[in-house]
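Below: coords.txt (compact mmCIF, N, CA and C atoms)
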```
# COMPACT_ATOMS: atom_id res chain seq x y z
N MET A 1 0.84 -1.18 0.00
CA MET A 1 0.00 0.00 0.00
C MET A 1 0.88 1.24 0.00
N ASP A 2 0.44 2.29 -0.63
CA ASP A 2 1.15 3.56 -0.75
C ASP A 2 1.39 4.15 0.64
N ASP A 3 2.61 4.74 0.87
CA ASP A 3 2.93 5.34 2.16
C ASP A 3 1.95 6.44 2.55
N ALA A 4 1.44 7.19 1.56
CA ALA A 4 0.48 8.26 1.87
C ALA A 4 -0.85 7.68 2.34
N GLN A 5 -1.17 6.46 1.90
CA GLN A 5 -2.43 5.82 2.30
C GLN A 5 -2.33 5.14 3.66
N ASN A 6 -1.12 4.73 4.04
CA ASN A 6 -0.94 4.04 5.32
C ASN A 6 0.41 4.44 5.91
N PRO A 7 0.53 5.68 6.36
CA PRO A 7 1.83 6.14 6.87
C PRO A 7 2.20 5.46 8.18
N GLU A 8 3.47 5.22 8.35
CA GLU A 8 3.98 4.63 9.58
C GLU A 8 3.89 5.68 10.70
N PRO A 9 3.57 5.26 11.92
CA PRO A 9 3.42 6.22 13.02
C PRO A 9 4.67 7.06 13.31
N GLY A 10 5.84 6.46 13.23
CA GLY A 10 7.07 7.20 13.55
C GLY A 10 7.32 8.39 12.63
N PRO A 11 7.41 8.16 11.32
CA PRO A 11 7.61 9.28 10.40
C PRO A 11 6.45 10.28 10.43
N LEU A 12 5.23 9.77 10.59
CA LEU A 12 4.07 10.67 10.68
C LEU A 12 4.20 11.56 11.92
N ALA A 13 4.62 10.99 13.04
CA ALA A 13 4.80 11.77 14.26
C ALA A 13 5.84 12.87 14.05
N SER A 14 6.93 12.55 13.38
CA SER A 14 7.98 13.55 13.11
C SER A 14 7.45 14.66 12.22
N ASP A 15 6.76 14.30 11.15
CA ASP A 15 6.20 15.30 10.23
C ASP A 15 5.17 16.18 10.92
N LEU A 16 4.31 15.55 11.71
CA LEU A 16 3.27 16.31 12.42
C LEU A 16 3.89 17.27 13.43
N ALA A 17 4.87 16.81 14.19
CA ALA A 17 5.53 17.67 15.18
C ALA A 17 6.19 18.86 14.49
N ALA A 18 6.83 18.62 13.36
CA ALA A 18 7.48 19.71 12.63
C ALA A 18 6.44 20.71 12.11
N ALA A 19 5.34 20.20 11.58
CA ALA A 19 4.29 21.10 11.06
C ALA A 19 3.65 21.91 12.18
N VAL A 20 3.38 21.26 13.31
CA VAL A 20 2.78 21.97 14.44
C VAL A 20 3.76 23.02 14.97
N GLY A 21 5.04 22.68 15.03
CA GLY A 21 6.04 23.65 15.48
C GLY A 21 6.10 24.86 14.57
N LEU A 22 6.08 24.63 13.28
CA LEU A 22 6.09 25.75 12.32
C LEU A 22 4.84 26.61 12.47
N LEU A 23 3.70 25.96 12.62
CA LEU A 23 2.45 26.69 12.82
C LEU A 23 2.52 27.54 14.09
N MET A 24 3.03 26.97 15.17
CA MET A 24 3.13 27.72 16.43
C MET A 24 4.07 28.92 16.28
N ARG A 25 5.17 28.76 15.56
CA ARG A 25 6.09 29.89 15.34
C ARG A 25 5.38 31.01 14.58
N HIS A 26 4.61 30.64 13.56
CA HIS A 26 3.86 31.64 12.80
C HIS A 26 2.83 32.34 13.69
N LEU A 27 2.14 31.58 14.52
CA LEU A 27 1.15 32.18 15.40
C LEU A 27 1.79 33.12 16.42
N ARG A 28 2.92 32.72 16.99
CA ARG A 28 3.62 33.60 17.93
C ARG A 28 4.07 34.87 17.24
N ALA A 29 4.57 34.75 16.02
CA ALA A 29 5.04 35.92 15.28
C ALA A 29 3.88 36.85 14.92
N ALA A 30 2.70 36.29 14.72
CA ALA A 30 1.52 37.10 14.37
C ALA A 30 1.02 37.91 15.55
N ALA A 31 1.39 37.51 16.76
CA ALA A 31 0.86 38.16 17.96
C ALA A 31 1.98 38.47 18.94
N PRO A 32 2.89 39.37 18.57
CA PRO A 32 3.97 39.68 19.50
C PRO A 32 3.41 40.39 20.74
N LEU A 33 3.89 39.98 21.89
CA LEU A 33 3.50 40.62 23.14
C LEU A 33 4.71 41.38 23.64
N GLY A 34 4.91 42.57 23.12
CA GLY A 34 6.07 43.41 23.40
C GLY A 34 6.82 43.12 24.67
N GLY A 35 7.96 42.51 24.56
CA GLY A 35 8.83 42.29 25.70
C GLY A 35 8.44 41.11 26.59
N VAL A 36 7.40 40.38 26.24
CA VAL A 36 6.96 39.24 27.04
C VAL A 36 7.57 37.97 26.45
N THR A 37 8.28 37.22 27.29
CA THR A 37 8.94 36.00 26.84
C THR A 37 7.92 34.88 26.65
N PRO A 38 8.30 33.81 25.95
CA PRO A 38 7.39 32.67 25.80
C PRO A 38 6.94 32.09 27.15
N THR A 39 7.82 32.04 28.12
CA THR A 39 7.45 31.54 29.45
C THR A 39 6.42 32.46 30.09
N GLN A 40 6.65 33.76 30.00
CA GLN A 40 5.70 34.72 30.56
C GLN A 40 4.36 34.63 29.84
N ARG A 41 4.40 34.45 28.54
CA ARG A 41 3.19 34.31 27.74
C ARG A 41 2.39 33.09 28.21
N ALA A 42 3.09 31.99 28.49
CA ALA A 42 2.42 30.77 28.95
C ALA A 42 1.73 31.00 30.29
N VAL A 43 2.37 31.75 31.17
CA VAL A 43 1.77 32.03 32.48
C VAL A 43 0.55 32.93 32.32
N LEU A 44 0.64 33.93 31.46
CA LEU A 44 -0.51 34.80 31.20
C LEU A 44 -1.69 33.97 30.67
N ALA A 45 -1.40 33.10 29.73
CA ALA A 45 -2.46 32.27 29.14
C ALA A 45 -3.08 31.37 30.20
N ARG A 46 -2.26 30.81 31.07
CA ARG A 46 -2.77 29.93 32.13
C ARG A 46 -3.65 30.71 33.09
N LEU A 47 -3.22 31.90 33.50
CA LEU A 47 -4.04 32.72 34.40
C LEU A 47 -5.36 33.10 33.73
N ASP A 48 -5.30 33.36 32.45
CA ASP A 48 -6.53 33.70 31.73
C ASP A 48 -7.46 32.50 31.65
N ARG A 49 -6.90 31.34 31.37
CA ARG A 49 -7.69 30.12 31.19
C ARG A 49 -8.20 29.56 32.52
N ASP A 50 -7.31 29.50 33.53
CA ASP A 50 -7.63 28.81 34.78
C ASP A 50 -8.01 29.75 35.92
N GLY A 51 -7.75 31.03 35.78
CA GLY A 51 -8.07 31.98 36.83
C GLY A 51 -6.91 32.19 37.79
N PRO A 52 -7.14 33.00 38.82
CA PRO A 52 -6.08 33.33 39.78
C PRO A 52 -5.44 32.09 40.39
N ALA A 53 -4.15 32.22 40.72
CA ALA A 53 -3.41 31.08 41.28
C ALA A 53 -2.25 31.57 42.12
N THR A 54 -1.77 30.70 42.98
CA THR A 54 -0.58 31.00 43.78
C THR A 54 0.67 30.76 42.94
N THR A 55 1.77 31.27 43.42
CA THR A 55 3.05 31.03 42.75
C THR A 55 3.35 29.54 42.69
N ALA A 56 3.12 28.83 43.80
CA ALA A 56 3.40 27.39 43.84
C ALA A 56 2.53 26.63 42.83
N ALA A 57 1.26 26.98 42.75
CA ALA A 57 0.36 26.30 41.81
C ALA A 57 0.78 26.56 40.37
N LEU A 58 1.17 27.78 40.08
CA LEU A 58 1.63 28.10 38.73
C LEU A 58 2.93 27.36 38.40
N ALA A 59 3.83 27.28 39.36
CA ALA A 59 5.09 26.56 39.14
C ALA A 59 4.82 25.09 38.84
N ARG A 60 3.93 24.47 39.60
CA ARG A 60 3.59 23.06 39.36
C ARG A 60 2.97 22.91 37.96
N ALA A 61 2.05 23.79 37.64
CA ALA A 61 1.35 23.68 36.35
C ALA A 61 2.29 23.88 35.17
N GLU A 62 3.27 24.74 35.32
CA GLU A 62 4.21 25.03 34.24
C GLU A 62 5.49 24.19 34.32
N LEU A 63 5.54 23.31 35.31
CA LEU A 63 6.68 22.40 35.48
C LEU A 63 8.01 23.14 35.65
N VAL A 64 8.00 24.16 36.50
CA VAL A 64 9.22 24.90 36.83
C VAL A 64 9.34 25.00 38.34
N ARG A 65 10.51 25.39 38.80
CA ARG A 65 10.73 25.58 40.23
C ARG A 65 10.01 26.85 40.69
N PRO A 66 9.55 26.88 41.93
CA PRO A 66 8.89 28.08 42.45
C PRO A 66 9.77 29.33 42.33
N GLN A 67 11.09 29.17 42.52
CA GLN A 67 11.99 30.32 42.39
C GLN A 67 11.94 30.89 40.98
N SER A 68 11.92 30.03 39.98
CA SER A 68 11.84 30.48 38.59
C SER A 68 10.50 31.17 38.33
N MET A 69 9.43 30.61 38.88
CA MET A 69 8.12 31.21 38.69
C MET A 69 8.05 32.58 39.36
N ARG A 70 8.69 32.73 40.51
CA ARG A 70 8.70 34.05 41.17
C ARG A 70 9.35 35.10 40.27
N LEU A 71 10.43 34.73 39.59
CA LEU A 71 11.09 35.67 38.67
C LEU A 71 10.18 36.02 37.50
N THR A 72 9.51 35.02 36.96
CA THR A 72 8.58 35.24 35.84
C THR A 72 7.46 36.17 36.27
N LEU A 73 6.89 35.91 37.44
CA LEU A 73 5.78 36.73 37.92
C LEU A 73 6.22 38.15 38.25
N ALA A 74 7.43 38.30 38.77
CA ALA A 74 7.93 39.65 39.05
C ALA A 74 8.03 40.46 37.76
N ALA A 75 8.50 39.83 36.69
CA ALA A 75 8.59 40.53 35.41
C ALA A 75 7.20 40.89 34.89
N LEU A 76 6.25 40.00 35.05
CA LEU A 76 4.88 40.28 34.59
C LEU A 76 4.25 41.39 35.42
N GLU A 77 4.57 41.43 36.70
CA GLU A 77 4.08 42.53 37.54
C GLU A 77 4.67 43.86 37.08
N GLU A 78 5.95 43.85 36.72
CA GLU A 78 6.59 45.08 36.22
C GLU A 78 5.91 45.58 34.95
N HIS A 79 5.45 44.65 34.12
CA HIS A 79 4.73 45.01 32.89
C HIS A 79 3.30 45.47 33.19
N GLY A 80 2.85 45.26 34.43
CA GLY A 80 1.50 45.66 34.81
C GLY A 80 0.41 44.74 34.30
N VAL A 81 0.77 43.49 34.02
CA VAL A 81 -0.22 42.56 33.47
C VAL A 81 -0.71 41.52 34.48
N VAL A 82 -0.04 41.41 35.61
CA VAL A 82 -0.54 40.58 36.71
C VAL A 82 -0.48 41.40 38.00
N ALA A 83 -1.34 41.02 38.94
CA ALA A 83 -1.37 41.71 40.23
C ALA A 83 -1.51 40.68 41.34
N ARG A 84 -0.99 41.04 42.49
CA ARG A 84 -1.07 40.19 43.67
C ARG A 84 -2.25 40.61 44.54
N SER A 85 -2.82 39.62 45.21
CA SER A 85 -3.83 39.91 46.23
C SER A 85 -3.68 38.86 47.33
N PRO A 86 -4.17 39.16 48.52
CA PRO A 86 -4.04 38.19 49.61
C PRO A 86 -4.81 36.92 49.31
N HIS A 87 -4.25 35.79 49.72
CA HIS A 87 -4.95 34.51 49.59
C HIS A 87 -6.16 34.56 50.51
N PRO A 88 -7.32 34.09 50.05
CA PRO A 88 -8.53 34.22 50.87
C PRO A 88 -8.52 33.41 52.18
N THR A 89 -7.75 32.30 52.23
CA THR A 89 -7.78 31.46 53.43
C THR A 89 -6.41 31.25 54.08
N ASP A 90 -5.34 31.61 53.38
CA ASP A 90 -3.99 31.38 53.90
C ASP A 90 -3.21 32.68 53.84
N GLY A 91 -3.09 33.33 54.97
CA GLY A 91 -2.41 34.63 55.03
C GLY A 91 -0.95 34.59 54.65
N ARG A 92 -0.34 33.41 54.56
CA ARG A 92 1.07 33.31 54.17
C ARG A 92 1.26 33.37 52.67
N GLN A 93 0.17 33.22 51.92
CA GLN A 93 0.29 33.15 50.46
C GLN A 93 -0.38 34.34 49.80
N VAL A 94 -0.01 34.54 48.54
CA VAL A 94 -0.68 35.54 47.72
C VAL A 94 -1.23 34.84 46.47
N VAL A 95 -2.22 35.45 45.90
CA VAL A 95 -2.83 34.93 44.68
C VAL A 95 -2.53 35.93 43.57
N LEU A 96 -2.15 35.40 42.42
CA LEU A 96 -1.86 36.26 41.28
C LEU A 96 -2.96 36.13 40.25
N SER A 97 -3.31 37.26 39.65
CA SER A 97 -4.36 37.26 38.64
C SER A 97 -4.01 38.29 37.58
N LEU A 98 -4.69 38.17 36.45
CA LEU A 98 -4.50 39.13 35.36
C LEU A 98 -5.09 40.48 35.74
N THR A 99 -4.41 41.53 35.32
CA THR A 99 -4.97 42.87 35.44
C THR A 99 -5.82 43.12 34.19
N ASP A 100 -6.50 44.24 34.17
CA ASP A 100 -7.25 44.61 32.96
C ASP A 100 -6.30 44.70 31.77
N GLU A 101 -5.10 45.23 32.00
CA GLU A 101 -4.11 45.32 30.92
C GLU A 101 -3.69 43.93 30.46
N GLY A 102 -3.53 43.00 31.38
CA GLY A 102 -3.18 41.63 31.02
C GLY A 102 -4.27 40.97 30.19
N ARG A 103 -5.52 41.17 30.58
CA ARG A 103 -6.64 40.61 29.80
C ARG A 103 -6.70 41.24 28.41
N ARG A 104 -6.45 42.54 28.33
CA ARG A 104 -6.45 43.22 27.04
C ARG A 104 -5.34 42.67 26.15
N LEU A 105 -4.15 42.51 26.72
CA LEU A 105 -3.01 42.00 25.97
C LEU A 105 -3.27 40.59 25.45
N ILE A 106 -3.80 39.71 26.30
CA ILE A 106 -4.11 38.34 25.89
C ILE A 106 -5.18 38.36 24.80
N GLY A 107 -6.20 39.18 24.96
CA GLY A 107 -7.26 39.26 23.96
C GLY A 107 -6.73 39.72 22.61
N GLU A 108 -5.87 40.74 22.62
CA GLU A 108 -5.27 41.21 21.37
C GLU A 108 -4.44 40.13 20.70
N ALA A 109 -3.66 39.42 21.49
CA ALA A 109 -2.81 38.36 20.95
C ALA A 109 -3.67 37.25 20.33
N ARG A 110 -4.72 36.86 21.02
CA ARG A 110 -5.60 35.81 20.47
C ARG A 110 -6.26 36.26 19.18
N ARG A 111 -6.71 37.50 19.14
CA ARG A 111 -7.34 38.01 17.90
C ARG A 111 -6.33 38.04 16.76
N ALA A 112 -5.11 38.47 17.04
CA ALA A 112 -4.08 38.53 16.00
C ALA A 112 -3.78 37.13 15.46
N LYS A 113 -3.66 36.16 16.35
CA LYS A 113 -3.41 34.78 15.93
C LYS A 113 -4.56 34.25 15.09
N ARG A 114 -5.79 34.44 15.57
CA ARG A 114 -6.96 33.97 14.85
C ARG A 114 -7.06 34.63 13.48
N ASP A 115 -6.78 35.94 13.42
CA ASP A 115 -6.85 36.65 12.14
C ASP A 115 -5.80 36.12 11.17
N TRP A 116 -4.57 35.90 11.65
CA TRP A 116 -3.52 35.37 10.78
C TRP A 116 -3.93 34.00 10.25
N LEU A 117 -4.41 33.14 11.15
CA LEU A 117 -4.76 31.79 10.73
C LEU A 117 -5.97 31.79 9.80
N THR A 118 -6.95 32.63 10.07
CA THR A 118 -8.10 32.74 9.18
C THR A 118 -7.67 33.13 7.78
N ASP A 119 -6.80 34.14 7.69
CA ASP A 119 -6.30 34.58 6.38
C ASP A 119 -5.50 33.49 5.69
N ALA A 120 -4.65 32.79 6.46
CA ALA A 120 -3.83 31.72 5.86
C ALA A 120 -4.72 30.60 5.33
N LEU A 121 -5.74 30.21 6.08
CA LEU A 121 -6.65 29.16 5.63
C LEU A 121 -7.41 29.59 4.38
N ALA A 122 -7.85 30.84 4.36
CA ALA A 122 -8.61 31.34 3.20
C ALA A 122 -7.72 31.47 1.97
N ASP A 123 -6.49 31.94 2.16
CA ASP A 123 -5.60 32.23 1.04
C ASP A 123 -4.84 31.01 0.50
N ARG A 124 -4.54 30.04 1.37
CA ARG A 124 -3.64 28.96 0.98
C ARG A 124 -4.31 27.62 0.76
N LEU A 125 -5.57 27.48 1.20
CA LEU A 125 -6.24 26.19 1.08
C LEU A 125 -7.52 26.32 0.26
N THR A 126 -7.82 25.25 -0.46
CA THR A 126 -9.10 25.19 -1.17
C THR A 126 -10.19 24.81 -0.17
N ALA A 127 -11.43 24.91 -0.61
CA ALA A 127 -12.55 24.51 0.25
C ALA A 127 -12.42 23.03 0.64
N GLU A 128 -12.05 22.19 -0.30
CA GLU A 128 -11.87 20.77 -0.01
C GLU A 128 -10.76 20.56 1.02
N GLU A 129 -9.66 21.28 0.88
CA GLU A 129 -8.56 21.16 1.84
C GLU A 129 -8.99 21.65 3.22
N ARG A 130 -9.79 22.68 3.28
CA ARG A 130 -10.30 23.15 4.57
C ARG A 130 -11.20 22.09 5.21
N ARG A 131 -12.00 21.40 4.42
CA ARG A 131 -12.83 20.31 4.96
C ARG A 131 -11.93 19.20 5.52
N THR A 132 -10.88 18.86 4.78
CA THR A 132 -9.93 17.85 5.24
C THR A 132 -9.28 18.30 6.55
N LEU A 133 -8.90 19.55 6.61
CA LEU A 133 -8.28 20.08 7.83
C LEU A 133 -9.25 20.05 9.00
N ALA A 134 -10.52 20.32 8.75
CA ALA A 134 -11.53 20.24 9.81
C ALA A 134 -11.59 18.81 10.37
N GLU A 135 -11.54 17.82 9.50
CA GLU A 135 -11.54 16.42 9.94
C GLU A 135 -10.26 16.11 10.72
N ALA A 136 -9.14 16.60 10.22
CA ALA A 136 -7.87 16.36 10.89
C ALA A 136 -7.83 17.03 12.27
N THR A 137 -8.48 18.17 12.38
CA THR A 137 -8.52 18.88 13.66
C THR A 137 -9.21 18.01 14.72
N ALA A 138 -10.28 17.36 14.35
CA ALA A 138 -10.97 16.46 15.27
C ALA A 138 -10.05 15.32 15.69
N LEU A 139 -9.27 14.80 14.74
CA LEU A 139 -8.32 13.72 15.05
C LEU A 139 -7.22 14.22 15.98
N LEU A 140 -6.73 15.43 15.73
CA LEU A 140 -5.69 15.99 16.60
C LEU A 140 -6.19 16.15 18.03
N ARG A 141 -7.44 16.54 18.17
CA ARG A 141 -8.01 16.64 19.52
C ARG A 141 -8.00 15.27 20.21
N ARG A 142 -8.30 14.22 19.46
CA ARG A 142 -8.28 12.87 20.03
C ARG A 142 -6.87 12.47 20.44
N VAL A 143 -5.88 12.79 19.58
CA VAL A 143 -4.50 12.46 19.89
C VAL A 143 -4.04 13.20 21.14
N ALA A 144 -4.43 14.49 21.25
CA ALA A 144 -4.00 15.30 22.38
C ALA A 144 -4.66 14.88 23.69
N GLY A 145 -5.79 14.17 23.60
CA GLY A 145 -6.44 13.70 24.81
C GLY A 145 -7.43 14.72 25.36
N PRO A 146 -7.96 14.40 26.51
CA PRO A 146 -9.04 15.21 27.10
C PRO A 146 -8.66 16.65 27.38
```

Would you kindly transcribe this structure into C-alpha cells?
Amino acid sequence: MDDAQNPEPGPLASDLAAAVGLLMRHLRAAAPLGGVTPTQRAVLARLDRDGPATTAALARAELVRPQSMRLTLAALEEHGVVARSPHPTDGRQVVLSLTDEGRRLIGEARRAKRDWLTDALADRLTAEERRTLAEATALLRRVAGP
C-alpha cells in the first residue's frame, strides 16, 4: 500500500511535530506581546484560562521551580499585566491574577493569531482542503487527549 495511504506512526509523528512547530512559530510571530517571553506568555495564558493562582500552583502547572516562577511573575508585575492579592484562606500566600491590561493584551494576541490563521486558511487552502483540515482537527483533539 502507498505510504500516503498508510503512513507509519514514527515518520508521521515527526512530520506532524514539525508542522505543528512551524504553525506555532507563525502564530507567535503574528501576535507579538512586546517584551513578554514565551514563558511569561504561557503564564498569562494559564491565568486567563484557569483563573487566579498562587506562585506554587503556577510553578507546578508550568513544570518549573517556584523560584523560577517568582522571577517570571515579578517581570509580569513590572509590565503591569498581573497583580497580587491576599490569599482568601492562607495569610502566608498571595494569589496572582491578570490585570485589565493583562486581559487586554491576551485578547489582542488571540485576535491577531486567529486573524492570521483565518487569512492563511482562506488564502492557501481550497474549500476541499479546509474540509480535510476540519476532519484532521478532530483527530488531533483525540491524539492530544481530554

Please return as a short mmCIF file (atom, residue, chain, number, x, y, z; two decimals) with N, CA and C atoms, in the frame of the given file: the residues of chain A that backbone DSSP assigns to strand (DSSP E).
```cif
data_model
loop_
_atom_site.label_atom_id
_atom_site.label_comp_id
_atom_site.auth_asym_id
_atom_site.auth_seq_id
_atom_site.Cartn_x
_atom_site.Cartn_y
_atom_site.Cartn_z
N VAL A 82 -0.04 41.41 35.61
CA VAL A 82 -0.54 40.58 36.71
C VAL A 82 -0.48 41.40 38.00
N ALA A 83 -1.34 41.02 38.94
CA ALA A 83 -1.37 41.71 40.23
C ALA A 83 -1.51 40.68 41.34
N ARG A 84 -0.99 41.04 42.49
CA ARG A 84 -1.07 40.19 43.67
C ARG A 84 -2.25 40.61 44.54
N SER A 85 -2.82 39.62 45.21
CA SER A 85 -3.83 39.91 46.23
C SER A 85 -3.68 38.86 47.33
N PRO A 86 -4.17 39.16 48.52
CA PRO A 86 -4.04 38.19 49.61
C PRO A 86 -4.81 36.92 49.31
N VAL A 94 -0.01 34.54 48.54
CA VAL A 94 -0.68 35.54 47.72
C VAL A 94 -1.23 34.84 46.47
N VAL A 95 -2.22 35.45 45.90
CA VAL A 95 -2.83 34.93 44.68
C VAL A 95 -2.53 35.93 43.57
N LEU A 96 -2.15 35.40 42.42
CA LEU A 96 -1.86 36.26 41.28
C LEU A 96 -2.96 36.13 40.25
N SER A 97 -3.31 37.26 39.65
CA SER A 97 -4.36 37.26 38.64
C SER A 97 -4.01 38.29 37.58
N LEU A 98 -4.69 38.17 36.45
CA LEU A 98 -4.50 39.13 35.36
C LEU A 98 -5.09 40.48 35.74
#
```

Problem - Among listed residues A:Arg103, A:Arg65, A:Arg49, A:Arg60, nearest A:Ala83 (using only C-alpha atoms) - result: A:Arg103

Handout entry: All residues 7 Å or closer to A:Glu101, all atoms listed in the file, same chain fewer than 4 positions away omitted, as a list in words
Key = Gly80, Val81, Val82, Leu105 and Ile106 of chain A

Practice task
Apply DSSP to the backbone of this structure and, from chain A, keep only the residues in helix (DSSP H, G or I); write these as a ChimeraX atom specification.
Solution key: /A:9-30,38-50,55-62,66-78,100-124,127-144

Problem - Using only C-alpha atoms: which of A:His26, A:His79, A:Asn6, A:Gln40 has the shortest distance to A:Trp116 - result: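 Checking each candidate against A:Trp116, we get A:His26 as the closest.
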